[in-house]
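Data first, discussion second: the structure below is written as structure tokens.
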Amino acid sequence: MGKAVREQSVRDRIKAQREEQRKKDRLRRIATVTTVVIVALGAIGAGWWYAANGSKPEEVTQALAPVTASADGSVVMSVAGVEKPVLDVYEDFQCPACRAMEETSGATIKNLAAEGKVKVVYHPITIFSQDVNNGVTRGNSLRAGAASRCIPGGTAWAKFHDRLFKEQPAETVEGFKLDDLVAWGKEAGVTAEGFATCVTSQQKAPEQADYSTKILQAAGLSGTPTLKLNGTEIGNDVAFNPADLRKAVLDAAK
Amino acid sequence: MLVTSEKQAPPRSRTASSTLPWVTTVSRLVLAGVLIVAGWGKIGTPVLSVQSVKAYKLLPDSLATVVGYGLPILEIVIGVLLVVGLLTRVAGGISALLMLVFVIGIASVWARGLRIDCGCFGGGGQLKPGVEPDYLIDILRDSGLFVLGVVVTWFAPGRFALDSALGLAPEREPYDDMEGDEEELHERENL
């Protein structure tokens, strides 16, 4: 065999080998990429599930604990005789994050109170200042807060409280109209004499404003919603996770 | 020369080709760090992260919910891919795209005069009273991260990347070519 022919056959074999290798590499690359993509998508699915599961709300399963409005405007919800631990709930009826907190953990708070595990103290306050959205947001919050102050307590107060969050308007739109507030109160079961007048005259609005200023300073709030357990602020990661919130409260009750 | 990729590496000067992979690696790590921290801060409170998305008033509520739940975990997964250097080009591209979307979102909020916390690191949408938003800093930061994302995409995968170890790297380094020549020599000797 001539040298040239031998070299030619060597070249051909090398070429064939390379072709083979290239095909193998290609298949291997496809397999690796597919695996990585599947694992990544799986991780995204698992993370989603983890997030959704952690924020799954409880259901209100039993009658609420007795609800009583204090003179200063805070509202206590607890089984008679349960004095501690104390869970302070600072919220603004117009604050979207408060609405989110109520949707997520509101039922847990009610359940814990009904089980006699905690004394819940609601502080409906107005955190928005006049310069936000030309006062529209503050106006909404004040009307709603003042209206809730026209209810002396009872399940009607709790129902009205829930209804306000459910009907929460956008911050830039005027909502919580006086007529609506009166109607929602009636539907919540408010029977108090003079409720309608109290709401429409906004008799309690100055009280609501003063109380808010006082509480914002006294409690050192950086915003709403804020939950405090025995005076110590609970982080959002717990406040927005019903299972963790329940555990924190039960631990404090021990 | 043994070349298995379809695309030939563009000729570069020796110094550029030795420092550039490191630039990519550093960009990957910075970007990954920010993404993982941001995602981790939000994943425990998806409800708040949905609030943050809604505060931008750009997406309908149903889509805002999907983004609120999905974005944190997406950020973490992309961050992990960038750290280990897997599917580097895709991960870099997605992070650059994310940063671009964030910049557009914040700029749009700024232009509309909304007062929000960007929600970037787990803040909850509306700003607290008395706090002034600093949109410019958020935009500058995300623009910088966008550039890093582009660098990663362009010069993937850099040093210390699983892509290279698994043979997924689109470009061969110069020393690979030398190895290739050696292989060829061995093959010849065996004949």
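Chain identifiers are assigned as A, B, and so on, following the order in which chains appear in the structure tokens; residues are numbered from 1 within each chain, and ligands are numbered from 1 in order of appearance.
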
Taking only C-alpha atoms into account and nothing else, which residues of chain B lie no more than 6 Å away from chain A? Please answer as a ChimeraX atom specification.
/B:43-46,73,128

Among stretch 71-208 of chain A, which ones does DSSP place in alpha helix (DSSP H), written as a ChimeraX atom specification?
/A:96-114,136-148,154-166,178-187,195-200,205-208

DSSP strand (DSSP E or B) residues within stretch 12-128 of chain A, as a ChimeraX atom specification:
/A:67-69,75-77,86-91,119-124

Straight-line distance linking atom CA of B:Leu74 with atom CA of B:Gly39, stated in Å to one decimal:
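Atom CA of B:Leu74 sits 7.6 Å away from atom CA of B:Gly39.
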
Please identify all polymer residues within 6 Å of stretch 225-235 of chain A, counting only C-alpha atoms, omitting same-chain residues fewer than 3 positions from it, and present them as a PyMOL selection string.
chain A and resi 85-91+98+238

Write the residues of the preceding selection, restricted to C-alpha atoms, as a CSV table (one decimal), in the first residue's frame.
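Saved the output as out.csv:
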```csv
chain,number,residue,atom,x,y,z
A,85,PRO,CA,-50.8,36.2,76.0
A,86,VAL,CA,-52.0,39.4,74.4
A,87,LEU,CA,-52.0,39.7,70.6
A,88,ASP,CA,-52.2,43.3,69.5
A,89,VAL,CA,-53.4,43.8,65.9
A,90,TYR,CA,-52.7,47.2,64.4
A,91,GLU,CA,-54.4,47.6,61.1
A,98,CYS,CA,-53.7,44.7,56.1
A,238,VAL,CA,-44.7,34.7,60.8
```

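Compared by their closest atoms to A:Arg138, and using only C-alpha atoms, the residues A:Val199, A:Pro152, A:Val82, A:Ser212 rank with A:Ser212 nearest.
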
Selection near A:Gln62, 9 Å with only C-alpha atoms, sequence-local residues under 6 positions removed, as a PDB file with C-alpha atoms, in the first residue's frame:
```pdb
ATOM      1  CA  ASN A 111     -59.798  30.788  66.042  1.00  0.00           C
ATOM      2  CA  ALA A 114     -62.197  31.414  70.382  1.00  0.00           C
ATOM      3  CA  GLU A 115     -60.060  28.528  71.654  1.00  0.00           C
TER       4      GLU A 115
END
```

Report, in Å to a single decimal, how far apart atom CA of A:Thr61 and atom CA of A:Gly154 are.
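Atom CA of A:Gly154 sits 17.6 Å away from atom CA of A:Thr61.
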
Can you pull out every residue within 9 Å of stretch 134-143 of chain B, counting only C-alpha atoms, but drop anything in the same chain fewer than 6 positions away, and send it as an MDAnalysis selection string?
chainID B and resid 99:100 102:104 106:107 109:110 117:118 120

Write the residues you've just listed into a file as a PDB file, in the first residue's frame, and include N, CA and C atoms for each of them.
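The resulting again34.pdb:
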```pdb
ATOM      1  N   MET B  99     -34.161  41.966  35.027  1.00  0.00           N
ATOM      2  CA  MET B  99     -33.684  43.288  35.448  1.00  0.00           C
ATOM      3  C   MET B  99     -34.274  44.374  34.561  1.00  0.00           C
ATOM      4  N   LEU B 100     -34.356  44.077  33.252  1.00  0.00           N
ATOM      5  CA  LEU B 100     -34.917  45.052  32.322  1.00  0.00           C
ATOM      6  C   LEU B 100     -36.379  45.338  32.687  1.00  0.00           C
ATOM      7  N   PHE B 102     -37.744  44.980  35.631  1.00  0.00           N
ATOM      8  CA  PHE B 102     -37.772  45.735  36.888  1.00  0.00           C
ATOM      9  C   PHE B 102     -37.521  47.221  36.630  1.00  0.00           C
ATOM     10  N   VAL B 103     -36.519  47.504  35.781  1.00  0.00           N
ATOM     11  CA  VAL B 103     -36.198  48.903  35.478  1.00  0.00           C
ATOM     12  C   VAL B 103     -37.412  49.594  34.862  1.00  0.00           C
ATOM     13  N   ILE B 104     -38.043  48.905  33.896  1.00  0.00           N
ATOM     14  CA  ILE B 104     -39.214  49.488  33.238  1.00  0.00           C
ATOM     15  C   ILE B 104     -40.335  49.701  34.265  1.00  0.00           C
ATOM     16  N   ILE B 106     -40.166  50.112  37.567  1.00  0.00           N
ATOM     17  CA  ILE B 106     -39.882  51.197  38.521  1.00  0.00           C
ATOM     18  C   ILE B 106     -39.982  52.547  37.829  1.00  0.00           C
ATOM     19  N   ALA B 107     -39.456  52.613  36.586  1.00  0.00           N
ATOM     20  CA  ALA B 107     -39.527  53.876  35.849  1.00  0.00           C
ATOM     21  C   ALA B 107     -40.984  54.272  35.626  1.00  0.00           C
ATOM     22  N   VAL B 109     -43.561  53.464  37.478  1.00  0.00           N
ATOM     23  CA  VAL B 109     -44.123  53.893  38.765  1.00  0.00           C
ATOM     24  C   VAL B 109     -43.700  55.329  39.057  1.00  0.00           C
ATOM     25  N   TRP B 110     -42.434  55.601  38.786  1.00  0.00           N
ATOM     26  CA  TRP B 110     -41.877  56.938  39.021  1.00  0.00           C
ATOM     27  C   TRP B 110     -42.620  57.960  38.156  1.00  0.00           C
ATOM     28  N   ASP B 117     -42.775  51.101  47.656  1.00  0.00           N
ATOM     29  CA  ASP B 117     -41.525  50.438  47.967  1.00  0.00           C
ATOM     30  C   ASP B 117     -41.367  49.465  46.798  1.00  0.00           C
ATOM     31  N   CYS B 118     -40.177  49.388  46.177  1.00  0.00           N
ATOM     32  CA  CYS B 118     -40.076  48.573  44.956  1.00  0.00           C
ATOM     33  C   CYS B 118     -40.390  47.112  45.227  1.00  0.00           C
ATOM     34  N   CYS B 120     -38.424  45.018  46.041  1.00  0.00           N
ATOM     35  CA  CYS B 120     -37.308  44.259  45.481  1.00  0.00           C
ATOM     36  C   CYS B 120     -36.814  43.207  46.461  1.00  0.00           C
TER      37      CYS B 120
END
```
